[in-house]
Amino acid sequence: MTVPTGGGYRALCPACRSPMRIRGSKDQAATFKTMYAQCTNVACSAAYTGSLSWDYALSPSGLDAPRVVLPLAPSARRQQAQRDSRPESNQLDLLDAQEAST
């Protein structure tokens, strides 16, 4: 459905795999949006509706009172549990530095 590009991701037409153009969108909730798209291939010109939703937080907001608080993603929760279960040490962990840079 999406492919990586230099500036993010873009949707591809399910019918012909040409790029889709988002023609409009409507907020349904703070974490859910309905989108309307059309294929840029003139011969195809298919139009679709779809949705975008935010399901998990990879890192929590730094705001004192964010509008939305999503549950932490399972992978982030697992990494935090591993860090919390390590014995106390003043020594830096090489893997923590690597995770922070990715």
# chains A, B, ... in the order shown; residues from 1 in each chain; ligands from 1
call {"tool": "residues_around", "arguments": {"residues": "stretch 13-18 of chain A", "least_positions_apart": "2", "cutoff": "8 Å", "atoms": "only C-alpha atoms", "output": "ChimeraX atom specification"}}
result
/A:1,11,20,38-41,44,46
call {"tool": "residues_around", "arguments": {"residues": "A:Ile22", "least_positions_apart": "4", "cutoff": "8 Å", "atoms": "only C-alpha atoms", "output": "PDB file with N, CA, C and O atoms, in the first residue's frame"}}
result
ATOM      1  N   MET A  35      -9.720   9.337   4.860  1.00  0.00           N
ATOM      2  CA  MET A  35      -9.062  10.027   3.755  1.00  0.00           C
ATOM      3  C   MET A  35      -9.695   9.588   2.435  1.00  0.00           C
ATOM      4  O   MET A  35     -10.176   8.459   2.314  1.00  0.00           O
ATOM      5  N   TYR A  36      -9.667  10.487   1.461  1.00  0.00           N
ATOM      6  CA  TYR A  36     -10.205  10.226   0.132  1.00  0.00           C
ATOM      7  C   TYR A  36      -9.065  10.424  -0.862  1.00  0.00           C
ATOM      8  O   TYR A  36      -8.393  11.459  -0.836  1.00  0.00           O
ATOM      9  N   ALA A  37      -8.832   9.416  -1.714  1.00  0.00           N
ATOM     10  CA  ALA A  37      -7.696   9.477  -2.627  1.00  0.00           C
ATOM     11  C   ALA A  37      -8.105   9.082  -4.037  1.00  0.00           C
ATOM     12  O   ALA A  37      -9.089   8.361  -4.241  1.00  0.00           O
ATOM     13  N   GLN A  38      -7.317   9.565  -5.000  1.00  0.00           N
ATOM     14  CA  GLN A  38      -7.559   9.232  -6.400  1.00  0.00           C
ATOM     15  C   GLN A  38      -6.235   8.864  -7.049  1.00  0.00           C
ATOM     16  O   GLN A  38      -5.196   9.469  -6.763  1.00  0.00           O
TER      17      GLN A  38
END
call {"tool": "closest_residue", "arguments": {"among": "A:Gln82, A:Asn90, A:Ser25, A:Thr31", "to": "A:Asp55", "atoms": "only C-alpha atoms"}}
result
A:Thr31
call {"tool": "atom_distance", "arguments": {"atom1": "atom CA of A:Arg83", "atom2": "atom CA of A:Val69"}}
result
22.2 Å
call {"tool": "atom_distance", "arguments": {"atom1": "atom CA of A:Asp27", "atom2": "atom CA of A:Ser59"}}
result
23.0 Å
call {"tool": "residues_around", "arguments": {"residues": "A:Phe32", "least_positions_apart": "3", "cutoff": "7 Å", "atoms": "only C-alpha atoms", "output": "PyMOL selection string"}}
result
chain A and resi 27-29+52-54
call {"tool": "closest_residue", "arguments": {"among": "A:Val42, A:Ser51, A:Ala57, A:Leu63", "to": "A:Ala76", "atoms": "only C-alpha atoms"}}
result
A:Ala57
call {"tool": "closest_residue", "arguments": {"among": "A:Pro74, A:Pro66, A:Pro87, A:Gly50", "to": "A:Ala30", "atoms": "only C-alpha atoms"}}
result
A:Pro66
call {"tool": "residues_around", "arguments": {"residues": "A:Ser75", "least_positions_apart": "3", "cutoff": "12 Å", "atoms": "only C-alpha atoms", "output": "list of chain:residue names"}}
result
A:Tyr56, A:Ala57, A:Leu58, A:Ser59, A:Pro71, A:Leu72, A:Arg78, A:Gln79, A:Gln80, A:Ala81, A:Gln82
